[in-house]
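Here's the structure, in C-alpha cells; my notes come after.
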2 protein chains.
Amino acid sequence: MTVTIIGIGLIGGSMALALRQNGLASRLIGVEHNEGHAARALELRLVDEVQSLEAAVMASELVVLAVPVNVLMSLLPGVLDLVKEQVVLDVGSTKEGILRAIANHPARGRFVATHPMWGTEYSGPDAAVAGAFTGKACVVCNSDESDADAVDLVERIYRLLGMHLVYMDAHDHDVHVAYVSHISHITSFALANTVLEKEREEDAIFELASGGFESTVRLAKSNPAMWVPIFRENRENVLDVLNEHITQLRKFKACLEKENYDYLRELIEEANKIRRIIK
Amino acid sequence: MTVTIIGIGLIGGSMALALRQNGLASRLIGVEHNEGHAARALELRLVDEVQSLEAAVMASELVVLAVPVNVLMSLLPGVLDLVKEQVVLDVGSTKEGILRAIANHPARGRFVATHPMWGTEYSGPDAAVAGAFTGKACVVCNSDESDADAVDLVERIYRLLGMHLVYMDAHDHDVHVAYVSHISHITSFALANTVLEKEREEDAIFELASGGFESTVRLAKSNPAMWVPIFRENRENVLDVLNEHITQLRKFKACLEKENYDYLRELIEEANKIRRIIK
C-alpha cells in the first residue's frame with residue numbers, strides 16, 4: 001500500500017516507522033512544509049520521497065494527517081477535495097471542531113478521526129520512535145460517519161500496530177483528553193515557570209532537583225506549535241479542568257494556611273487512590 | 001563499622017543496602033516500631049538484627065535516622081542523649097526546625113544533618129532499592145555546627161555511595177526543596193484529585209491515560225505519613241511556592257479566557273527553558 005504522511009514529526013515519523021515495520025506501507029510519501037524536516041525525514045529514511053500535497057494524495061491509498069490541530073483544520077478540507085477512493089485519517093489531539101468543520105464534505109465518509117494515545121515532549125523527525133504505539137489505546141471518533149471500508153482499514157492498521165481501539169463520540173473524547181492529557185501539560189508548564197521564576201534569584205535551585213521534579217516537569221519541554229492550537233481548540237474543556245485543578249490546589253493551600261493537617265492527610269489519601277489506575 | 005538504621009523503609013532500607021554493598025557496614029542493626037516492617041526488613045536481609053533504640057544506639061558507631069520528619073523531631077534529642085563518640089545523621093526532607101530544636105544539645109556536634117536527594121513514591125522496606133543514591137546530590141546542612149570528625153565520616157560515606165555533596169544553610173535548603181520537590185508532590189496530589197473527582201461521573205476517563213499523565217501524577221501515590229509532616233515542617237516555604245504556582249496557573253487560565261494565544265505561546269516558550277535544566 002502507498003501511504004502519504006502529512007507532517008513528518010514526532011507522531012508522523014513514528015507512524016511511518018510503524019507502518020513500514022509492520023509491512024503495511026510498501027511506499028511512503030512525505031509531505032512537509034518545513035524543508036529542514038523534509039530533508040531530515042529522508043535522511044532518517046522515515047519516508048521514501050517527499051512530494052507536494054496534491055501529488056502525494058493522488059498517488060496514495062492511505063493518507064495520514066499528523067500536523068498540529070490548527071494546520072489540520074486548514075488542510076483537511078483540501079485533502080478531502082482530492083480524495084476518491086483513498087482513506088484519510090488524522091491523529092490529532094482534539095476532535096469536535098475538526099469533525100464539525102467537515103461534517104458536510106462530500107468525501108466525509110473517506111475520513112476516519114483517530115487519536116493514538118502516545119506522545120513525548122519532543123518534536124520533529126528526530127523525535128520519531130520505532131514501536132511507539134504498541135500496547136497503547138487508540139481512540140476512533142464518530143466512526144458511524146465514516147464509510148465502513150475506511151473504518152475497517154483503519155482498525156486493521158491500528159490493531160497491527162498493537163493498539164487497542166476505544167470508540168468515542170468526539171465531544172466525549174475532547175472532555176476526556178482535557179483531563180488525562182491537556183491538564184498535565186498545563187500543570188507541567190506552570191510548574192516549570194514557577195521554578196524558573198525563582199531561579200532568577202537563586203542560582204543553586206536546580207542543584208537539588210531529583211527524579212520526582214523531573215517527572216512532573218518533563219512535559220514542560222513540549223512544543224508550543226503543537227500545544228497552543230490544542231488548548232485553543234479544546235479551550236472550554238481545558239478551562240473547566242483548569243478551574244477544577246486550581247480549586248483542588250486551593251484546598252491544599254487552605255489546609256496549610258489553617259494548619260488543618262487532618263484534612264491535608266485526607267486529601268493525600270484521596271489522591272493515593274490513583275494507585276488503582278496507574279501501577 | 002556497626003550501623004543502626006532507625007526506620008527501615010524506603011530511604012532507611014535503601015541506605016542499609018548501600019552501606020552493606022559498599023562494605024561500610026559490617027553489622028546492621030534496625031530500629032523499627034512497625035512490627036510488620038521490622039519482620040520484613042529481616043526477611044529481606046536489609047538489617048542483621050532488630051533491637052530497641054537504646055541498645056542499638058549504644059552498640060553502634062553510626063546511627064542513621066530515616067523516619068518521617070515529625071518522628072525525627074521527637075526521636076533525635078533522645079538519641080543524642082545516648083551518644084558519646086557515635087556519629088548520628090538524618091536523611092530528612094526539612095532541616096531548619098530540627099536543627100533549631102537541637103541547637104543547644106550537648107551532643108549537637110555528633111549530629112550531621114543531611115538530605116540525600118533521592119526517593120520514590122513507594123514506602124516501607126519492600127520499597128528499598130539497591131544503588132539508589134549513586135549519581136545523585138546529597139545536601140549537608142550547617143556542617144560548621146557538627147564536629148569535624150563527624151562531618152568527615154559522613155562525607156566519606158556519601159562519596160562512597162557515589163553522591164556529590166552540596167553544602168547549604170538549613171534555611172536555604174528548606175526554600176530550595178519547597179521548589180524542586182515539595183511543590184511537585186502537591187501538584188501531583190491535586191492533579192490526581194482533579195481527575196478522580198471527574199471519574200465519579202465518567203467511567204472511561206482513565207482508558208485514555210498515557211505516559212504524560214502517568215509521569216505528572218505518579219508522585220500522587222506518595223505516603224501521607226511521610227508527606228504531611230514535611231508540608232507541616234516546611235509550611236511557610238511551601239505556601240510561598242504554592243501561591244506562586246497558582247499565580248502561574250492563573251496566567252494560563254487568563255490566556256484561555258481572553259483568547260490571548262500569543263501570550264499563551266510566550267508562557268510555553270518560557271517553560272521550555274526547563275530544557276536547560278533537565279535533559
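For the C-alpha cells, the naming scheme is as follows: chains receive sequential letters (A, B, ...) according to their order of presentation, residues are indexed from 1 within each chain, and ligands are indexed from 1 in presentation order.
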
Query raised in the report: Near chain A, which residues of chain B fall within 6 Å when you count only C-alpha atoms, and what do they look like as a VMD selection string?
Result: chain B and resid 176 180 to 181 184 189 to 190 192 to 194 205 209 213 215 to 216 220 to 221 224 245 248 to 249 265 268 271 to 272

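Every residue of stretch 42-266 of chain A found in strand (DSSP E) when DSSP is run on the backbone appears here: Glu49, Val50, Leu62, Val63, Val64, Leu65, Val87, Val88, Leu89, Asp90, Phe111, Val112, Ala113, Thr114, His115, Pro116, Ala137, Cys138, Val139, Val140, Cys141, His164, Leu165, Val166, Tyr167 and Met168 of chain A.
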
Save the residues we just selected, N, CA and C atoms, as an mmCIF file, in the first residue's frame?
data_model
loop_
_atom_site.group_PDB
_atom_site.id
_atom_site.type_symbol
_atom_site.label_atom_id
_atom_site.label_comp_id
_atom_site.auth_asym_id
_atom_site.auth_seq_id
_atom_site.Cartn_x
_atom_site.Cartn_y
_atom_site.Cartn_z
ATOM 1 N N GLU A 49 10.173 9.306 -0.220
ATOM 2 C CA GLU A 49 10.242 10.505 -1.067
ATOM 3 C C GLU A 49 9.387 11.593 -0.436
ATOM 4 N N VAL A 50 9.655 12.823 -0.848
ATOM 5 C CA VAL A 50 8.840 13.946 -0.401
ATOM 6 C C VAL A 50 8.196 14.564 -1.636
ATOM 7 N N LEU A 62 -3.679 5.466 1.289
ATOM 8 C CA LEU A 62 -3.941 5.930 2.656
ATOM 9 C C LEU A 62 -3.199 7.244 2.877
ATOM 10 N N VAL A 63 -3.897 8.207 3.478
ATOM 11 C CA VAL A 63 -3.277 9.495 3.815
ATOM 12 C C VAL A 63 -3.389 9.697 5.323
ATOM 13 N N VAL A 64 -2.252 9.929 5.960
ATOM 14 C CA VAL A 64 -2.222 10.154 7.408
ATOM 15 C C VAL A 64 -1.882 11.620 7.659
ATOM 16 N N LEU A 65 -2.779 12.332 8.321
ATOM 17 C CA LEU A 65 -2.510 13.726 8.662
ATOM 18 C C LEU A 65 -1.963 13.792 10.077
ATOM 19 N N VAL A 87 -8.369 6.437 1.702
ATOM 20 C CA VAL A 87 -8.799 6.590 3.092
ATOM 21 C C VAL A 87 -7.883 7.636 3.743
ATOM 22 N N VAL A 88 -8.497 8.552 4.482
ATOM 23 C CA VAL A 88 -7.740 9.615 5.151
ATOM 24 C C VAL A 88 -7.949 9.470 6.656
ATOM 25 N N LEU A 89 -6.862 9.504 7.416
ATOM 26 C CA LEU A 89 -7.027 9.523 8.870
ATOM 27 C C LEU A 89 -6.183 10.641 9.457
ATOM 28 N N ASP A 90 -6.610 11.132 10.615
ATOM 29 C CA ASP A 90 -5.789 12.102 11.332
ATOM 30 C C ASP A 90 -5.403 11.484 12.668
ATOM 31 N N PHE A 111 -12.980 9.776 5.521
ATOM 32 C CA PHE A 111 -12.141 10.236 6.636
ATOM 33 C C PHE A 111 -12.473 9.473 7.925
ATOM 34 N N VAL A 112 -11.440 9.039 8.620
ATOM 35 C CA VAL A 112 -11.620 8.396 9.918
ATOM 36 C C VAL A 112 -10.813 9.197 10.952
ATOM 37 N N ALA A 113 -11.525 9.678 11.978
ATOM 38 C CA ALA A 113 -10.876 10.517 13.008
ATOM 39 C C ALA A 113 -10.309 9.628 14.101
ATOM 40 N N THR A 114 -8.986 9.682 14.300
ATOM 41 C CA THR A 114 -8.376 8.814 15.315
ATOM 42 C C THR A 114 -7.408 9.611 16.199
ATOM 43 N N HIS A 115 -7.148 9.065 17.354
ATOM 44 C CA HIS A 115 -6.178 9.685 18.264
ATOM 45 C C HIS A 115 -5.408 8.587 18.992
ATOM 46 N N PRO A 116 -4.280 8.206 18.415
ATOM 47 C CA PRO A 116 -3.453 7.215 19.124
ATOM 48 C C PRO A 116 -2.854 7.864 20.370
ATOM 49 N N ALA A 137 -3.636 2.751 23.782
ATOM 50 C CA ALA A 137 -5.011 2.877 23.280
ATOM 51 C C ALA A 137 -5.046 3.813 22.080
ATOM 52 N N CYS A 138 -5.961 3.545 21.156
ATOM 53 C CA CYS A 138 -6.225 4.494 20.073
ATOM 54 C C CYS A 138 -7.725 4.783 20.044
ATOM 55 N N VAL A 139 -8.069 6.059 20.120
ATOM 56 C CA VAL A 139 -9.479 6.434 20.074
ATOM 57 C C VAL A 139 -9.913 6.605 18.625
ATOM 58 N N VAL A 140 -11.071 6.047 18.284
ATOM 59 C CA VAL A 140 -11.692 6.291 16.988
ATOM 60 C C VAL A 140 -12.982 7.054 17.275
ATOM 61 N N CYS A 141 -13.117 8.245 16.662
ATOM 62 C CA CYS A 141 -14.264 9.106 16.970
ATOM 63 C C CYS A 141 -15.299 9.089 15.864
ATOM 64 N N HIS A 164 -5.034 -1.032 21.169
ATOM 65 C CA HIS A 164 -6.429 -1.429 21.360
ATOM 66 C C HIS A 164 -7.319 -0.218 21.111
ATOM 67 N N LEU A 165 -8.451 -0.499 20.458
ATOM 68 C CA LEU A 165 -9.303 0.586 19.969
ATOM 69 C C LEU A 165 -10.380 0.946 20.981
ATOM 70 N N VAL A 166 -10.604 2.236 21.135
ATOM 71 C CA VAL A 166 -11.644 2.759 22.010
ATOM 72 C C VAL A 166 -12.533 3.642 21.140
ATOM 73 N N TYR A 167 -13.825 3.399 21.169
ATOM 74 C CA TYR A 167 -14.735 4.164 20.318
ATOM 75 C C TYR A 167 -15.413 5.237 21.149
ATOM 76 N N MET A 168 -15.459 6.434 20.625
ATOM 77 C CA MET A 168 -15.944 7.530 21.435
ATOM 78 C C MET A 168 -16.515 8.637 20.557
#

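Closest approach to B:Ala38 among B:Gly92, B:Pro106, B:Pro125, B:Gly131 is made by B:Pro125 (distances from only C-alpha atoms).
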
Requested in this report: Would you kindly return, as a PyMOL selection string, each protein, DNA or RNA residue with an atom no farther than 12 Å from any atom of A:Ile157, considering only C-alpha atoms and excluding same-chain residues fewer than 2 positions away?
Outcome: chain A and resi 1+3+15+18-25+62+64+87+89+114+116+133-134+138+150-155+159-165

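Counting only C-alpha atoms and comparing B:Ser60, B:Ser26, B:Ser143, B:Thr94, the residue that lies closest to B:Met73 is B:Thr94.
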
Can you pull out the residues contacting B:Val79? Cut-off 10 Å, using only C-alpha atoms, and skip same-chain residues under 3 positions away; I want them as a PDB file with C-alpha atoms, in the first residue's frame.
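Writing done, so here's selection.pdb:
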ATOM      1  CA  LEU B  53      16.521   2.144  70.076  1.00  0.00           C
ATOM      2  CA  GLU B  54      18.663   2.404  73.179  1.00  0.00           C
ATOM      3  CA  VAL B  57      22.482   3.285  69.536  1.00  0.00           C
ATOM      4  CA  MET B  58      24.787   2.079  72.347  1.00  0.00           C
ATOM      5  CA  VAL B  63      23.254   5.992  63.633  1.00  0.00           C
ATOM      6  CA  LEU B  65      17.684   8.375  61.319  1.00  0.00           C
ATOM      7  CA  LEU B  72      12.642  12.717  63.726  1.00  0.00           C
ATOM      8  CA  SER B  74      10.592  13.626  68.651  1.00  0.00           C
ATOM      9  CA  LEU B  75      13.378  10.997  68.490  1.00  0.00           C
ATOM     10  CA  LEU B  76      16.547  12.964  67.799  1.00  0.00           C
ATOM     11  CA  LEU B  82      22.614   8.395  74.418  1.00  0.00           C
ATOM     12  CA  VAL B  83      25.537   9.445  72.254  1.00  0.00           C
ATOM     13  CA  VAL B  88      24.364  10.482  64.059  1.00  0.00           C
ATOM     14  CA  ALA B 107      25.940  16.313  71.746  1.00  0.00           C
ATOM     15  CA  PHE B 111      24.969  15.103  64.571  1.00  0.00           C
TER      16      PHE B 111
END
